[in-house]
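> Below is the structure I would like to discuss, written out as structure tokens.
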Amino acid sequence: MTTALVMMVTALAAPWLTRAERTGFVETSRYEETLQDCRRLEKDSTWIKVTSFGRSPEGRDLILVIASKDRAFDPDAARRTGKPVVLIQAGIHAGEIDGKDAGLMLLRDISVSKRHAALLERAIILFMPIYNVDGHERFGAFNRINQDGPKEQGWRVTSRNLNLNRDYMKADAVETRAWLKLFTSWWPDLLIDCHVTDGADYRYDVTYFAETGPNAPPSVAAWIKSAVEDHAMPALDASGHLSSPFIFLKDDADPAAGRVSFPPTPRFSTSYAALQNRPSFLIETHMLKDYRTRVIGTYDTLRVLLEEVNRDADALKEAVKLADARAARPGTVPLVFRTTDRAGKVTFHGVAYRRELSEISGTVRIVYGSEPLDLEVDRSDEIEPVVSVEKPSAYIVPPQWTEAIDVLKAHGVRLLRLKEPVTGAFDGYRLTEPSWQAAPFEGRHMVTFKTERIKAEQRAYPAGSVVVPTDQRTSPVAVHLLEPQGPDSFVAWGFFDAIFEQKEYAEAYVMEKLSREMLAKDPGLRAEFEKALADPAFSSSPARRLDFFYRRSPWWDNRIGLYPVGLVMSPREFPAEPVP
């Protein structure tokens with residue numbers, strides 16, 4: 001802990017110390033005590049408002065602390081101030097709870113001791129001390145095997161066993177729906193998400209990630225480069241910390257093999273914020289540092305980021321404004337990314353280690369020491385898109401797909417509802433060869449498939465169908481959800497699984513007769529059948545042989561695998577009204 005902060009903590013009266021501070025950073029507070037700490041701030045400072053942005057499945061309030069010198073405690077009032085809104089969330093993984101204690105300490109030092117009162121001069125802060133409140137109360141000493149303190153902490157996932165930091169797009173969790181309502185009401189200008197790492201050992205106490213690749217709007221990426229990378233992070237290091245971009249080793253058992261970045265998907269907070277045209281910042285303190293070090297690292301990271309927002313608030317507001325405007329224009333949206341093979345050299349501030357064959361695992365293990373070790377290693381962090389799509393003018397979703405429509409609405413996407421049927425030429429997709437993963441992931445069995453684009457197909461959409469225009473700020477979210485190839489699309493997450501199911505079947509004796517009639521009428525079909533018989537797997541399967549003919553008969557259901565969402569490729573007026 002820095003000397004100045006030690007002096008400040010010593011000078012504070014006991015009621016203003018968090019449980020972490022009172023116990024020498026051995027313990028962290030439970031939910032009720034955290035709520036009491038927030039209420040105490042509200043009672044003693046006119047700059048603080050404590051409210052709830054929803055209820056958890058187990059019935060706990062999702063706590064939101066609003067800090068504003070102007071007492072702008074609702075979205076409209078905040079917008080009238082013209083100040084950027086910064087959303088800080090802690091405890092999305094409730095065992096990684098550094099952000100809760102750091103945030104409470106910082107808000108106290110802003111609103112009570114006034115030591116950092118300047119952080120509210122040109123900013124409004126929204127603070128979620130515990131996002132995953134039910135997981136937080138699954139309290140215990142054995143919840144984070146890789147982590148050094150506190151003595152007890154919460155659990156990674158919710159009471160429904162869902163990881164909220166994989167749920168931003170599909171929005172299955174009650175907590176996610178509440179978060180989306182908060183986000184699309186306030187439209188914060190910057191999201192900061194507080195975590196603790198897993199992974200390797202090294203000397204950095206703070207690692208971080210900010211989306212600046214092709215998934216991020218150019219104005220947002222430029223703001224991050226200038227404000228965060230050029231100003232805030234050097235200021236953090238100057239205050240006594242050692243920081244680094246988030247660390248993934250190419251080989252977990254050999255740091256010398258180098259570092260690599262992973263391609264973004266919007267199921268995560270940082271990439272989701274990029275789709276919503278907002279900069280985001282992921283704090284990952286190092287799990288093997290003691291709790292005091294980690295909390296102070298989070299505290300100082302929040303401080304330098306807020307200092308940078310206050311230093312040039314207009315720059316942040318302008319970056320977001322430009323990104324919102326860009327999202328509403330026609331253009332290409334990248335969906336799938338990869339890390340390139342191109343690498344640059346960086347210094348890795350690690351610790352001494354040795355590698356040896358393990359009699360337990362039967363493979364090479366790494367044994368870390370404590371002496372400093374600096375390595376010059378390759379870092380592959382260049383991300384490039386491999387699948388992109390041109391935005392259509394709009395999408396049309398048939399009214400029966402209510403689950404998808406509800407999620408679009410939850411994301412703040414502007415929707416229109418057809419007042420009467422429409423027909424015409426629409427683009428679309430046919431999806432074939434579906435394959436579901438055997439084990440569930442986040443409560444769903446994700447599906448992969450092959451995609452065939454359909455051009456200008458005649459379709460009819462009934463009244464009540466939902467039109468999704470793309471001339472809006474949330475169009476990147478809509479595109480990622482509605483384009484099947486998106487890694488977090490509705491199709492990938494199983495929202496449209498039913499389109500892959502065959503519902504009508506033919507009896508064998510019926511197909512035996514029909515197959516002979518089809519062969520007699522079509523010599524080309526006979527040649528195709530005989531060619532297929534050359535495959536032993538086909539020729540040895542009576543079911544596949546009969547299915548060959550059923551699929552080519554007029555009785556086959558040609559809607560199997562037909563994606564029901566239509567793409568409107570040219571601007572068109574529809575008889576529609578807004579969905580409230």
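Labels for the structure tokens follow display order: chains A, B, ..., residues from 1 in each chain, ligands from 1.
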Do you know which residues are at most 7 Å from His93 in chain A counting only C-alpha atoms, after dropping those on the same chain fewer than 2 positions away, and could you put them as a list in words?
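Everything that qualifies: Gly91, Gly95, Glu96, Asn132, Trp155, Arg156 and Val157 of chain A.
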> Quick one: which range 63-163 of chain A residues come within 10 Å of range 182-199 of chain A, and what is the nearest atom pair for each with the distance in Å to one decimal, counting only C-alpha atoms, rows ordered by chain and ascending number, as a tab-separated table?

residue	atom	partner	partner_atom	distance
A:Leu64	CA	A:Leu182	CA	9.6
A:Asp74	CA	A:Trp186	CA	7.8
A:Pro75	CA	A:Trp186	CA	4.9
A:Asp76	CA	A:Trp186	CA	8.1
A:Ala78	CA	A:Trp186	CA	8.1
A:Arg79	CA	A:Trp186	CA	8.4
A:Lys83	CA	A:Asp189	CA	9.3
A:Pro84	CA	A:Asp189	CA	5.7
A:Val85	CA	A:Pro188	CA	4.8
A:Val86	CA	A:Leu190	CA	4.9
A:Leu87	CA	A:Leu191	CA	4.9
A:Ile88	CA	A:Ile192	CA	4.7
A:Gln89	CA	A:Asp193	CA	5.1
A:Ala90	CA	A:Cys194	CA	5.1
A:Gly91	CA	A:Cys194	CA	7.2
A:Ile92	CA	A:His195	CA	7.9
A:His93	CA	A:His195	CA	7.2
A:Ala94	CA	A:His195	CA	9.1
A:Gly95	CA	A:Val196	CA	8.6
A:Glu96	CA	A:Val196	CA	5.2
A:Ile97	CA	A:His195	CA	7.2
A:Asp98	CA	A:His195	CA	7.2
A:Gly99	CA	A:Cys194	CA	5.3
A:Lys100	CA	A:Cys194	CA	8.4
A:Ala102	CA	A:Cys194	CA	9.6
A:Gly103	CA	A:Cys194	CA	9.6
A:Ala123	CA	A:Asp189	CA	9.9
A:Ile124	CA	A:Pro188	CA	9.3
A:Ile125	CA	A:Pro188	CA	9.2
A:Leu126	CA	A:Pro188	CA	8.5
A:Phe127	CA	A:Ile192	CA	9.6
A:Met128	CA	A:Asp193	CA	9.8
A:Pro129	CA	A:Cys194	CA	9.9
A:Arg144	CA	A:Asp198	CA	9.5
A:Ile145	CA	A:Asp198	CA	9.7
A:Asn146	CA	A:Asp198	CA	6.6
A:Gln147	CA	A:Asp198	CA	7.9
> I need the residues from that last selection saved to file as a JSON list (two decimals), in the first residue's frame (with C-alpha atoms), if you can.

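The resulting out-v2.json:
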[["chain", "number", "residue", "atom", "x", "y", "z"],
["A", 64, "LEU", "CA", -26.03, 0.19, -7.57],
["A", 74, "ASP", "CA", -31.06, 9.16, -12.95],
["A", 75, "PRO", "CA", -30.13, 8.77, -16.64],
["A", 76, "ASP", "CA", -31.94, 11.89, -17.84],
["A", 78, "ALA", "CA", -26.95, 12.59, -15.97],
["A", 79, "ARG", "CA", -27.35, 13.37, -19.67],
["A", 83, "LYS", "CA", -20.55, 14.56, -18.17],
["A", 84, "PRO", "CA", -19.39, 11.07, -19.17],
["A", 85, "VAL", "CA", -20.85, 8.21, -17.15],
["A", 86, "VAL", "CA", -18.43, 5.51, -16.00],
["A", 87, "LEU", "CA", -19.85, 2.11, -15.03],
["A", 88, "ILE", "CA", -17.60, 0.12, -12.68],
["A", 89, "GLN", "CA", -18.69, -3.44, -11.99],
["A", 90, "ALA", "CA", -17.18, -5.74, -9.40],
["A", 91, "GLY", "CA", -17.94, -9.29, -8.38],
["A", 92, "ILE", "CA", -19.23, -10.57, -11.71],
["A", 93, "HIS", "CA", -17.11, -13.54, -10.62],
["A", 94, "ALA", "CA", -17.84, -13.24, -6.93],
["A", 95, "GLY", "CA", -14.70, -15.05, -5.80],
["A", 96, "GLU", "CA", -12.65, -12.39, -7.61],
["A", 97, "ILE", "CA", -13.82, -9.71, -5.25],
["A", 98, "ASP", "CA", -10.99, -7.15, -5.22],
["A", 99, "GLY", "CA", -13.13, -4.59, -7.04],
["A", 100, "LYS", "CA", -15.77, -4.50, -4.32],
["A", 102, "ALA", "CA", -11.34, -1.15, -3.89],
["A", 103, "GLY", "CA", -14.49, 0.56, -5.17],
["A", 123, "ALA", "CA", -17.62, 12.41, -14.46],
["A", 124, "ILE", "CA", -20.51, 10.47, -12.96],
["A", 125, "ILE", "CA", -19.77, 7.04, -11.47],
["A", 126, "LEU", "CA", -22.06, 4.02, -11.39],
["A", 127, "PHE", "CA", -20.63, 1.37, -9.08],
["A", 128, "MET", "CA", -21.88, -2.21, -8.77],
["A", 129, "PRO", "CA", -20.05, -3.59, -5.71],
["A", 144, "ARG", "CA", -10.58, -20.03, -5.40],
["A", 145, "ILE", "CA", -7.82, -22.65, -5.33],
["A", 146, "ASN", "CA", -5.44, -20.43, -7.33],
["A", 147, "GLN", "CA", -5.92, -17.25, -5.29]]
> CA of Ala256 in chain A and CA of Pro372 in chain A, how far apart in Å?
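Separation of CA of Pro372 in chain A and CA of Ala256 in chain A: 14.0 Å.
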> Could you pull out all residues of range 110-152 of chain A with a DSSP call of alpha helix (DSSP H) and give them as a PDB file with N, CA and C atoms, in the first residue's frame?

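Just written: states06.pdb:
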ATOM      1  N   ILE A 110     -13.551   9.677  -2.263  1.00  0.00           N
ATOM      2  CA  ILE A 110     -14.125  10.732  -3.096  1.00  0.00           C
ATOM      3  C   ILE A 110     -15.139  11.549  -2.323  1.00  0.00           C
ATOM      4  N   SER A 111     -16.050  10.865  -1.619  1.00  0.00           N
ATOM      5  CA  SER A 111     -17.232  11.554  -1.092  1.00  0.00           C
ATOM      6  C   SER A 111     -17.155  11.903   0.387  1.00  0.00           C
ATOM      7  N   VAL A 133     -24.600 -11.411  -6.923  1.00  0.00           N
ATOM      8  CA  VAL A 133     -24.862 -11.380  -5.480  1.00  0.00           C
ATOM      9  C   VAL A 133     -25.140 -12.763  -4.910  1.00  0.00           C
ATOM     10  N   ASP A 134     -25.824 -13.614  -5.657  1.00  0.00           N
ATOM     11  CA  ASP A 134     -26.107 -14.957  -5.126  1.00  0.00           C
ATOM     12  C   ASP A 134     -24.827 -15.786  -5.056  1.00  0.00           C
ATOM     13  N   GLY A 135     -23.997 -15.704  -6.081  1.00  0.00           N
ATOM     14  CA  GLY A 135     -22.714 -16.389  -6.035  1.00  0.00           C
ATOM     15  C   GLY A 135     -21.837 -15.866  -4.913  1.00  0.00           C
ATOM     16  N   HIS A 136     -21.938 -14.569  -4.624  1.00  0.00           N
ATOM     17  CA  HIS A 136     -21.163 -13.962  -3.536  1.00  0.00           C
ATOM     18  C   HIS A 136     -21.491 -14.602  -2.195  1.00  0.00           C
TER      19      HIS A 136
END
> Counting only C-alpha atoms, give me one row per residue of range 354-419 of chain A with an atom at most 12 Å from an atom of range 309-329 of chain A, showing the shortest contact pair and its distance in Å to one decimal, sorted by chain then residue number, as a Markdown table.

| residue | atom | partner | partner_atom | distance |
| --- | --- | --- | --- | --- |
| A:Glu390 | CA | A:Arg329 | CA | 11.3 |
| A:Lys391 | CA | A:Arg329 | CA | 9.1 |
| A:Pro392 | CA | A:Arg329 | CA | 10.7 |
| A:Ser393 | CA | A:Arg329 | CA | 9.7 |
| A:Ala394 | CA | A:Ala328 | CA | 11.6 |
| A:Val413 | CA | A:Ala328 | CA | 11.6 |
| A:Arg414 | CA | A:Ala328 | CA | 11.6 |
> Keeping only N, CA and C atoms, write the selected residues to a file as a PDB file, in the first residue's frame.

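Result file follows (selection.pdb):
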ATOM      1  N   GLU A 390     -21.813  -7.832 -44.907  1.00  0.00           N
ATOM      2  CA  GLU A 390     -22.336  -6.505 -45.214  1.00  0.00           C
ATOM      3  C   GLU A 390     -23.683  -6.363 -44.527  1.00  0.00           C
ATOM      4  N   LYS A 391     -23.845  -5.288 -43.795  1.00  0.00           N
ATOM      5  CA  LYS A 391     -25.115  -5.092 -43.096  1.00  0.00           C
ATOM      6  C   LYS A 391     -26.270  -4.997 -44.091  1.00  0.00           C
ATOM      7  N   PRO A 392     -27.331  -5.748 -43.868  1.00  0.00           N
ATOM      8  CA  PRO A 392     -28.531  -5.497 -44.668  1.00  0.00           C
ATOM      9  C   PRO A 392     -29.195  -4.203 -44.220  1.00  0.00           C
ATOM     10  N   SER A 393     -30.185  -3.767 -44.950  1.00  0.00           N
ATOM     11  CA  SER A 393     -30.945  -2.600 -44.524  1.00  0.00           C
ATOM     12  C   SER A 393     -31.748  -2.915 -43.267  1.00  0.00           C
ATOM     13  N   ALA A 394     -32.220  -4.164 -43.181  1.00  0.00           N
ATOM     14  CA  ALA A 394     -33.010  -4.591 -42.029  1.00  0.00           C
ATOM     15  C   ALA A 394     -33.071  -6.110 -42.016  1.00  0.00           C
ATOM     16  N   VAL A 413     -32.191  -2.757 -28.776  1.00  0.00           N
ATOM     17  CA  VAL A 413     -32.327  -2.655 -30.228  1.00  0.00           C
ATOM     18  C   VAL A 413     -33.714  -2.109 -30.565  1.00  0.00           C
ATOM     19  N   ARG A 414     -33.762  -1.107 -31.432  1.00  0.00           N
ATOM     20  CA  ARG A 414     -35.049  -0.536 -31.861  1.00  0.00           C
ATOM     21  C   ARG A 414     -35.731  -1.504 -32.813  1.00  0.00           C
TER      22      ARG A 414
END
> List the spatial neighbours of range 431-436 of chain A as a list in words - criterion: any atom at most 6 Å away, only C-alpha atoms, same-chain residues fewer than 4 positions off excluded.
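So, after excluding close chain neighbours, the residues are His445, Met446, Val447, Thr448, Phe449, Lys450, Thr451 and Gly561 of chain A.
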> Taking N, CA and C atoms for each residue, export the selection above as a tab-separated table (two decimals), in the first residue's frame.

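Resulting contents of result-v6.tsv:
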chain	number	residue	atom	x	y	z
A	445	HIS	N	-26.51	-26.25	-25.36
A	445	HIS	CA	-25.66	-27.07	-26.21
A	445	HIS	C	-25.43	-26.29	-27.50
A	446	MET	N	-24.27	-25.69	-27.62
A	446	MET	CA	-23.99	-24.87	-28.80
A	446	MET	C	-23.92	-25.75	-30.05
A	447	VAL	N	-24.25	-25.16	-31.19
A	447	VAL	CA	-24.36	-25.91	-32.43
A	447	VAL	C	-23.48	-25.28	-33.50
A	448	THR	N	-22.81	-26.11	-34.29
A	448	THR	CA	-22.09	-25.66	-35.47
A	448	THR	C	-22.80	-26.22	-36.70
A	449	PHE	N	-22.56	-25.62	-37.86
A	449	PHE	CA	-23.30	-25.98	-39.06
A	449	PHE	C	-22.60	-25.37	-40.26
A	450	LYS	N	-23.02	-25.78	-41.44
A	450	LYS	CA	-22.57	-25.16	-42.67
A	450	LYS	C	-23.62	-24.15	-43.11
A	451	THR	N	-23.16	-23.08	-43.74
A	451	THR	CA	-24.04	-21.97	-44.10
A	451	THR	C	-24.06	-21.76	-45.60
A	561	GLY	N	-33.74	-26.71	-41.86
A	561	GLY	CA	-32.51	-25.95	-41.98
A	561	GLY	C	-32.66	-24.58	-42.60
> So which residues touch Ala20 in chain A within 9 Å, counting only C-alpha atoms, skipping near sequence neighbours fewer than 2 positions away, as a ChimeraX atom specification?
/A:17-18,22-29,101,150,291-292
